[in-house]
Amino acid sequence: MPSFKDAIFLIVDDAEAMRRITATQLRSLGAEQILTARSGNDALQILARQRVDVILADWYMPVMSGLELLHAVRADARLRHLPLIMITAEAERERVAEAIAAGVSDLLVKPYTAERLGSRIARAMSARVRAPVAGAAGAETRAVTSAATPGEVRPPTLLIVDDTPDNLHLLSHLFKEEYQVRVASNGEKALAICTSDDPPDLVLLDVMMPGIDGFEVAQRMRDHPGAESIPIIFVTAISGDEARTRGMELGAVDFITKPIDPNVLKPRVRNFIRYVALRKRLQADYDEMLEAARLRDDVEQITRHDLRGPLAGVIGLIRNIIADPDMDQSERRHQLRLAEESALQALDMINLSSELFRIETGRFQLDAKPVRIGDVLRRIAEISNAAVADKRLRLNLSRDGTDDFEKPLILGDAMLCHSLFQNLVKNACEAAPPGSEVSITVHDLDPVWIVITNRGALPPEIRERFFDKFATAGKHGGTGLGTYSARLLTEAQGGRISVATSDETDTTSVTVELPRAPAD
């Protein structure tokens with residue numbers, strides 16, 4: 001994706017003020033090419049005639065809402081790759097789940113700072129666009145219920161603005177036990193705090209101050225995209241209706257007259273801070289729902305990727321039987337048993353998807369049992385031999401130079417082990433040149449080492465991130481999920497995985513260390 005400077009942004013909002021504010025925020029982030037539309041229909045007309053790199057769409061709009069625009073974009077083969085960030089003041093949880101299922105890139109709750117907007121855009125531009133999932137809205141909602149773990153939230157920040165030191169002292173001590181309190185003795189300092197990258201959640205603002213008075217501070221806040229949504233409570237000695245009306249016109253949420261009665265001020269502040277906390281929790285909830293959907297997508301991709309190995313083995317074994325009509329009955333039965341076992345392993349991998357989701361969300365509990373790792377590797381080697389017959393590869397399986405696999409036993413999960421090594425052997429076979437050898441060696445150590453080596457050195461650009469999600473290079477159709485899945489499954493069993501590449505011998509070796517089962 002292009003940089004902020006080179007990207008073309010499309011802002012879709014029926015409110016002119018919000019289009020202007022968002023455009024100002026984008027320019028502060030370095031954006032230079034910004035288009036605007038008043039509705040989803042207008043946006044589609046723009047998208048039909050010129051390139052756009054990122055769409056920022058308001059949720060509620062007449063004629064065509066942001067959600068309807070999202071559906072239209074994801075249904076268009078020419079547009080479905082575009083990141084689309086939905087911006088909303090509020091939305092029902094079910095509607096948010098619908099947007100997630102429709103493939104929204106991110107959800108941003110108003111108010112937000114330019115810094116937060118920039119981080120969400122950067123994430124959306126660098127991530128793969130999620131495909132729509134038919135009928136998945138309910139599943140997304142259920143997923144977050146079980147997977148979400150709220151992050152640590154700092155106390156709300158209260159900015160007190162007053163030119164009288166005694167008032168600052170009184171108010172700051174009144175609220176310091178409940179909130180993070182910041183103070184400003186003049187309008188200029190207050191504006192600097194409110195327009196910074198760390199604005200307050202609520203402002204208690206005196207009206208009568210030298211220089212920039214409270215009304216002017218409020219006006220400038222409302223004109224600034226990062227401060228225009230910060231709630232203001234005016235605290236002043238002015239008690240006339242005209243001053244109150246002016247304050248409310250500037251967006252004040254309350255108007256408190258001096259002398260201050262703590263029994264009146266504290267509950268009012270607490271009520272508005274509660275509202276602010278709810279808005280923050282809303283953003284966190286939406287983020288958790290979206291993250292659960294992303295994890296579910298990744299797990300499904302990993303499962304589809306992992307299924308290719310055993311299914312290719314089934315096909316290879318069946319082809320062997322068909323191609324050799326003179327095969328003796330004993331060998332035919334052996335080949336059919338392997339095919340049956342490979343098909344059963346494919347079914348196990350479908351069941352494995354729920355375990356992968358638990359691993360990715362940190363909720364997996366290992367029920368470790370002794371596993372004869374040699375038997376697992378022997379079955380994988382036999383099935384893989386059939387799958388890669390066209391490449392004339394030789395799979396050499398040994399234990400410290402012998403073919404005795406009675407020991408060692410590892411302490412883990414047989415299904416996780418099979419998927420783990422199926423991935424690694426498949427990856428090695430795909431990377432190995434035709435006619436070469438792939439070796440699988442078990443070292444009877446504590447922990448047990450399993451080393452898989454193939455000809456072909458890893459490309460330099462992928463060596464440091466070989467086990468990262470979506471890391472792939474030079475492999476046609478590669479997803480970068482096989483080695484990432486292998487790392488997840490290794491670590492879930494308390495093991496370690498590493499890769500070593502030798503340019504001198506043109507080889508790549510992956511080493512898996514798994515806990516050794518205790519002796520009987």
# chains A, B, ... in the order shown; residues from 1 in each chain; ligands from 1

call {"tool": "residues_around", "arguments": {"residues": "Met86 (chain A)", "least_positions_apart": "4", "cutoff": "9 Å", "atoms": "only C-alpha atoms", "output": "PyMOL selection string"}}
result
chain A and resi 55-59+66-67+70+99+104-109

call {"tool": "atom_distance", "arguments": {"atom1": "CA of Leu82 (chain A)", "atom2": "CA of Ser485 (chain A)"}}
result
27.2 Å

call {"tool": "closest_residue", "arguments": {"among": "A:Gln219, A:Gln45, A:Gln33, A:Gln50", "to": "Asp6 (chain A)", "atoms": "only C-alpha atoms"}}
result
A:Gln33

call {"tool": "select_by_dssp", "arguments": {"residues": "region 314-438 of chain A", "states": "alpha helix (DSSP H)", "output": "ChimeraX atom specification"}}
result
/A:314-323,329-360,373-387,414-431

call {"tool": "closest_residue", "arguments": {"among": "A:Tyr60, A:Arg333, A:Ala414, A:Ser419", "to": "Ile318 (chain A)", "atoms": "only C-alpha atoms"}}
result
A:Arg333

call {"tool": "residues_around", "arguments": {"residues": "Leu159 (chain A)", "least_positions_apart": "6", "cutoff": "10 Å", "atoms": "only C-alpha atoms", "output": "MDAnalysis selection string"}}
result
chainID A and resid 172 179:184 190 193:194 199:205 232

call {"tool": "residues_around", "arguments": {"residues": "His443 (chain A)", "least_positions_apart": "6", "cutoff": "12 Å", "atoms": "only C-alpha atoms", "output": "list of chain:residue names"}}
result
A:Ile373, A:Gly374, A:Leu397, A:Ser398, A:Arg399, A:Asp400, A:Gly401, A:Thr402, A:Asp403, A:Asp404, A:Phe405, A:Lys407, A:Pro408, A:Leu409, A:Ile410, A:Trp449, A:Ile450, A:Val451, A:Ile452, A:Thr511, A:Val512, A:Glu513, A:Leu514, A:Arg516

call {"tool": "closest_residue", "arguments": {"among": "A:Asp375, A:Gln365, A:Glu228, A:Thr441", "to": "Leu395 (chain A)", "atoms": "only C-alpha atoms"}}
result
A:Thr441

call {"tool": "atom_distance", "arguments": {"atom1": "CA of Leu489 (chain A)", "atom2": "CA of Asp506 (chain A)"}}
result
27.3 Å

call {"tool": "atom_distance", "arguments": {"atom1": "CA of Met248 (chain A)", "atom2": "CA of Arg274 (chain A)"}}
result
20.4 Å

call {"tool": "select_by_dssp", "arguments": {"residues": "region 54-103 of chain A", "states": "strand (DSSP E or B)", "output": "list in words"}}
result
Val54, Ile55, Leu56, Ala57, Asp58, Leu84, Ile85, Met86, Ile87 and Thr88 of chain A

call {"tool": "write_last_selection", "arguments": {"atoms": "N, CA, C and O atoms", "output": "PDB file, in the first residue's frame"}}
result
ATOM      1  N   VAL A  54      -7.995   4.237   0.472  1.00  0.00           N
ATOM      2  CA  VAL A  54      -8.606   3.998   1.777  1.00  0.00           C
ATOM      3  C   VAL A  54      -9.936   4.744   1.842  1.00  0.00           C
ATOM      4  O   VAL A  54     -10.024   5.902   1.414  1.00  0.00           O
ATOM      5  N   ILE A  55     -10.963   4.067   2.382  1.00  0.00           N
ATOM      6  CA  ILE A  55     -12.282   4.681   2.551  1.00  0.00           C
ATOM      7  C   ILE A  55     -12.544   4.861   4.047  1.00  0.00           C
ATOM      8  O   ILE A  55     -12.386   3.922   4.829  1.00  0.00           O
ATOM      9  N   LEU A  56     -12.947   6.077   4.437  1.00  0.00           N
ATOM     10  CA  LEU A  56     -13.371   6.372   5.808  1.00  0.00           C
ATOM     11  C   LEU A  56     -14.843   6.741   5.735  1.00  0.00           C
ATOM     12  O   LEU A  56     -15.198   7.789   5.176  1.00  0.00           O
ATOM     13  N   ALA A  57     -15.717   5.895   6.258  1.00  0.00           N
ATOM     14  CA  ALA A  57     -17.156   6.082   6.071  1.00  0.00           C
ATOM     15  C   ALA A  57     -17.874   6.221   7.397  1.00  0.00           C
ATOM     16  O   ALA A  57     -17.660   5.421   8.319  1.00  0.00           O
ATOM     17  N   ASP A  58     -18.744   7.246   7.483  1.00  0.00           N
ATOM     18  CA  ASP A  58     -19.620   7.375   8.636  1.00  0.00           C
ATOM     19  C   ASP A  58     -20.646   6.246   8.606  1.00  0.00           C
ATOM     20  O   ASP A  58     -21.009   5.737   7.543  1.00  0.00           O
ATOM     21  N   LEU A  84     -11.628  -0.352   4.375  1.00  0.00           N
ATOM     22  CA  LEU A  84     -12.750   0.528   4.697  1.00  0.00           C
ATOM     23  C   LEU A  84     -12.892   0.593   6.207  1.00  0.00           C
ATOM     24  O   LEU A  84     -13.113  -0.419   6.860  1.00  0.00           O
ATOM     25  N   ILE A  85     -12.706   1.791   6.739  1.00  0.00           N
ATOM     26  CA  ILE A  85     -12.822   2.029   8.177  1.00  0.00           C
ATOM     27  C   ILE A  85     -14.159   2.697   8.453  1.00  0.00           C
ATOM     28  O   ILE A  85     -14.475   3.728   7.858  1.00  0.00           O
ATOM     29  N   MET A  86     -14.948   2.106   9.340  1.00  0.00           N
ATOM     30  CA  MET A  86     -16.261   2.645   9.695  1.00  0.00           C
ATOM     31  C   MET A  86     -16.114   3.529  10.924  1.00  0.00           C
ATOM     32  O   MET A  86     -15.508   3.135  11.924  1.00  0.00           O
ATOM     33  N   ILE A  87     -16.673   4.746  10.840  1.00  0.00           N
ATOM     34  CA  ILE A  87     -16.615   5.713  11.933  1.00  0.00           C
ATOM     35  C   ILE A  87     -18.027   5.931  12.461  1.00  0.00           C
ATOM     36  O   ILE A  87     -18.961   6.155  11.683  1.00  0.00           O
ATOM     37  N   THR A  88     -18.179   5.854  13.787  1.00  0.00           N
ATOM     38  CA  THR A  88     -19.518   5.956  14.354  1.00  0.00           C
ATOM     39  C   THR A  88     -19.488   6.590  15.733  1.00  0.00           C
ATOM     40  O   THR A  88     -18.492   6.491  16.457  1.00  0.00           O
TER      41      THR A  88
END

call {"tool": "residues_around", "arguments": {"residues": "Ala192 (chain A)", "least_positions_apart": "4", "cutoff": "12 Å", "atoms": "only C-alpha atoms", "output": "ChimeraX atom specification"}}
result
/A:159,161,183-188,196-200,217,220-221,224,226-227

call {"tool": "residues_around", "arguments": {"residues": "region 206-212 of chain A", "least_positions_apart": "6", "cutoff": "10 Å", "atoms": "only C-alpha atoms", "output": "list in words"}}
result
Ile160, Val161, Asp162, Asp163, Thr164, Asn167, Ser185, Asn186, Gly187, Glu188, Ala190, Leu191, Ala218, Ile233, Phe234, Val235, Thr236, Ala237, Ile238, Ala243, Gly247, Ile256, Thr257 and Lys258 of chain A

call {"tool": "residues_around", "arguments": {"residues": "Arg463 (chain A)", "least_positions_apart": "4", "cutoff": "12 Å", "atoms": "only C-alpha atoms", "output": "number ranges by chain"}}
result
A: 457-459, 467-468, 471-473, 483, 498-503, 508-510

call {"tool": "closest_residue", "arguments": {"among": "A:Arg378, A:Arg38, A:Arg319, A:Arg49", "to": "Gln335 (chain A)", "atoms": "only C-alpha atoms"}}
result
A:Arg319

call {"tool": "decode", "arguments": {"residues": "region 418-468 of chain A", "atoms": "N, CA and C atoms", "output": "tab-separated table (two decimals), in the first residue's frame"}}
result
chain	number	residue	atom	x	y	z
A	418	HIS	N	0.94	-34.31	15.11
A	418	HIS	CA	0.76	-34.70	13.71
A	418	HIS	C	0.62	-33.46	12.82
A	419	SER	N	-0.20	-32.52	13.23
A	419	SER	CA	-0.39	-31.31	12.43
A	419	SER	C	0.91	-30.51	12.35
A	420	LEU	N	1.63	-30.42	13.46
A	420	LEU	CA	2.89	-29.70	13.52
A	420	LEU	C	3.89	-30.26	12.51
A	421	PHE	N	4.14	-31.57	12.56
A	421	PHE	CA	5.17	-32.15	11.69
A	421	PHE	C	4.66	-32.35	10.26
A	422	GLN	N	3.36	-32.52	10.09
A	422	GLN	CA	2.82	-32.56	8.74
A	422	GLN	C	3.12	-31.24	8.03
A	423	ASN	N	2.94	-30.13	8.74
A	423	ASN	CA	3.24	-28.82	8.17
A	423	ASN	C	4.71	-28.68	7.80
A	424	LEU	N	5.59	-29.07	8.73
A	424	LEU	CA	7.01	-28.88	8.50
A	424	LEU	C	7.54	-29.78	7.39
A	425	VAL	N	7.09	-31.05	7.36
A	425	VAL	CA	7.53	-31.96	6.30
A	425	VAL	C	6.99	-31.49	4.96
A	426	LYS	N	5.74	-31.08	4.90
A	426	LYS	CA	5.15	-30.57	3.67
A	426	LYS	C	5.93	-29.35	3.19
A	427	ASN	N	6.26	-28.45	4.10
A	427	ASN	CA	7.00	-27.25	3.74
A	427	ASN	C	8.38	-27.60	3.18
A	428	ALA	N	9.05	-28.56	3.83
A	428	ALA	CA	10.38	-28.98	3.38
A	428	ALA	C	10.32	-29.62	2.00
A	429	CYS	N	9.29	-30.45	1.78
A	429	CYS	CA	9.15	-31.12	0.48
A	429	CYS	C	8.85	-30.11	-0.64
A	430	GLU	N	8.06	-29.10	-0.32
A	430	GLU	CA	7.75	-28.09	-1.32
A	430	GLU	C	8.99	-27.26	-1.67
A	431	ALA	N	9.86	-27.02	-0.67
A	431	ALA	CA	11.03	-26.19	-0.90
A	431	ALA	C	12.18	-26.97	-1.54
A	432	ALA	N	12.21	-28.28	-1.34
A	432	ALA	CA	13.33	-29.09	-1.84
A	432	ALA	C	13.28	-29.21	-3.37
A	433	PRO	N	14.43	-29.15	-4.04
A	433	PRO	CA	14.45	-29.33	-5.50
A	433	PRO	C	14.14	-30.78	-5.87
A	434	PRO	N	13.59	-31.02	-7.07
A	434	PRO	CA	13.27	-32.40	-7.49
A	434	PRO	C	14.49	-33.31	-7.43
A	435	GLY	N	14.25	-34.55	-7.02
A	435	GLY	CA	15.31	-35.54	-6.97
A	435	GLY	C	16.21	-35.46	-5.76
A	436	SER	N	15.94	-34.55	-4.84
A	436	SER	CA	16.79	-34.39	-3.66
A	436	SER	C	16.24	-35.17	-2.47
A	437	GLU	N	16.85	-35.00	-1.31
A	437	GLU	CA	16.45	-35.73	-0.12
A	437	GLU	C	15.96	-34.78	0.96
A	438	VAL	N	14.94	-35.22	1.68
A	438	VAL	CA	14.47	-34.54	2.88
A	438	VAL	C	14.70	-35.50	4.04
A	439	SER	N	15.45	-35.06	5.03
A	439	SER	CA	15.75	-35.94	6.17
A	439	SER	C	14.97	-35.50	7.40
A	440	ILE	N	14.49	-36.51	8.14
A	440	ILE	CA	13.79	-36.29	9.40
A	440	ILE	C	14.54	-37.10	10.45
A	441	THR	N	15.19	-36.42	11.37
A	441	THR	CA	16.04	-37.10	12.34
A	441	THR	C	15.56	-36.83	13.76
A	442	VAL	N	15.38	-37.90	14.53
A	442	VAL	CA	14.98	-37.79	15.93
A	442	VAL	C	16.22	-37.98	16.78
A	443	HIS	N	16.46	-37.03	17.69
A	443	HIS	CA	17.60	-37.11	18.60
A	443	HIS	C	17.08	-37.41	20.00
A	444	ASP	N	17.54	-38.53	20.56
A	444	ASP	CA	17.05	-39.02	21.85
A	444	ASP	C	17.70	-38.23	22.99
A	445	LEU	N	17.20	-36.99	23.15
A	445	LEU	CA	17.75	-36.09	24.16
A	445	LEU	C	16.64	-35.68	25.11
A	446	ASP	N	16.96	-34.78	26.01
A	446	ASP	CA	15.95	-34.22	26.92
A	446	ASP	C	16.13	-32.70	26.96
A	447	PRO	N	15.28	-31.93	26.27
A	447	PRO	CA	14.11	-32.36	25.52
A	447	PRO	C	14.48	-33.10	24.24
A	448	VAL	N	13.48	-33.78	23.67
A	448	VAL	CA	13.68	-34.52	22.42
A	448	VAL	C	13.79	-33.52	21.27
A	449	TRP	N	14.78	-33.76	20.40
A	449	TRP	CA	14.96	-32.91	19.22
A	449	TRP	C	14.49	-33.67	17.97
A	450	ILE	N	13.74	-32.98	17.14
A	450	ILE	CA	13.37	-33.51	15.82
A	450	ILE	C	13.85	-32.48	14.79
A	451	VAL	N	14.75	-32.90	13.90
A	451	VAL	CA	15.36	-31.99	12.93
A	451	VAL	C	14.93	-32.40	11.52
A	452	ILE	N	14.37	-31.46	10.79
A	452	ILE	CA	13.92	-31.69	9.40
A	452	ILE	C	14.78	-30.83	8.49
A	453	THR	N	15.51	-31.49	7.57
A	453	THR	CA	16.47	-30.79	6.72
A	453	THR	C	16.15	-31.04	5.26
A	454	ASN	N	16.21	-29.98	4.47
A	454	ASN	CA	16.00	-30.10	3.03
A	454	ASN	C	17.03	-29.25	2.28
A	455	ARG	N	17.28	-29.62	1.05
A	455	ARG	CA	18.11	-28.80	0.17
A	455	ARG	C	17.36	-27.52	-0.15
A	456	GLY	N	18.12	-26.44	-0.33
A	456	GLY	CA	17.53	-25.14	-0.64
A	456	GLY	C	17.60	-24.22	0.57
A	457	ALA	N	18.45	-23.19	0.47
A	457	ALA	CA	18.59	-22.24	1.57
A	457	ALA	C	17.45	-21.24	1.55
A	458	LEU	N	16.99	-20.87	2.74
A	458	LEU	CA	15.92	-19.87	2.84
A	458	LEU	C	16.38	-18.55	2.23
A	459	PRO	N	15.50	-17.85	1.52
A	459	PRO	CA	15.85	-16.51	1.04
A	459	PRO	C	16.20	-15.60	2.21
A	460	PRO	N	17.21	-14.76	2.09
A	460	PRO	CA	17.63	-13.90	3.21
A	460	PRO	C	16.51	-13.05	3.78
A	461	GLU	N	15.60	-12.58	2.92
A	461	GLU	CA	14.57	-11.65	3.40
A	461	GLU	C	13.54	-12.30	4.30
A	462	ILE	N	13.55	-13.64	4.39
A	462	ILE	CA	12.53	-14.30	5.21
A	462	ILE	C	13.12	-15.00	6.43
A	463	ARG	N	14.44	-15.01	6.56
A	463	ARG	CA	15.07	-15.81	7.61
A	463	ARG	C	14.70	-15.34	9.02
A	464	GLU	N	14.64	-14.03	9.24
A	464	GLU	CA	14.35	-13.51	10.56
A	464	GLU	C	12.87	-13.63	10.94
A	465	ARG	N	12.01	-13.80	9.95
A	465	ARG	CA	10.58	-13.85	10.23
A	465	ARG	C	9.94	-15.14	9.70
A	466	PHE	N	10.73	-16.20	9.67
A	466	PHE	CA	10.28	-17.47	9.09
A	466	PHE	C	9.03	-18.02	9.77
A	467	PHE	N	8.91	-17.81	11.09
A	467	PHE	CA	7.77	-18.35	11.83
A	467	PHE	C	6.68	-17.31	12.08
A	468	ASP	N	6.81	-16.12	11.47
A	468	ASP	CA	5.79	-15.09	11.61
A	468	ASP	C	4.59	-15.41	10.73
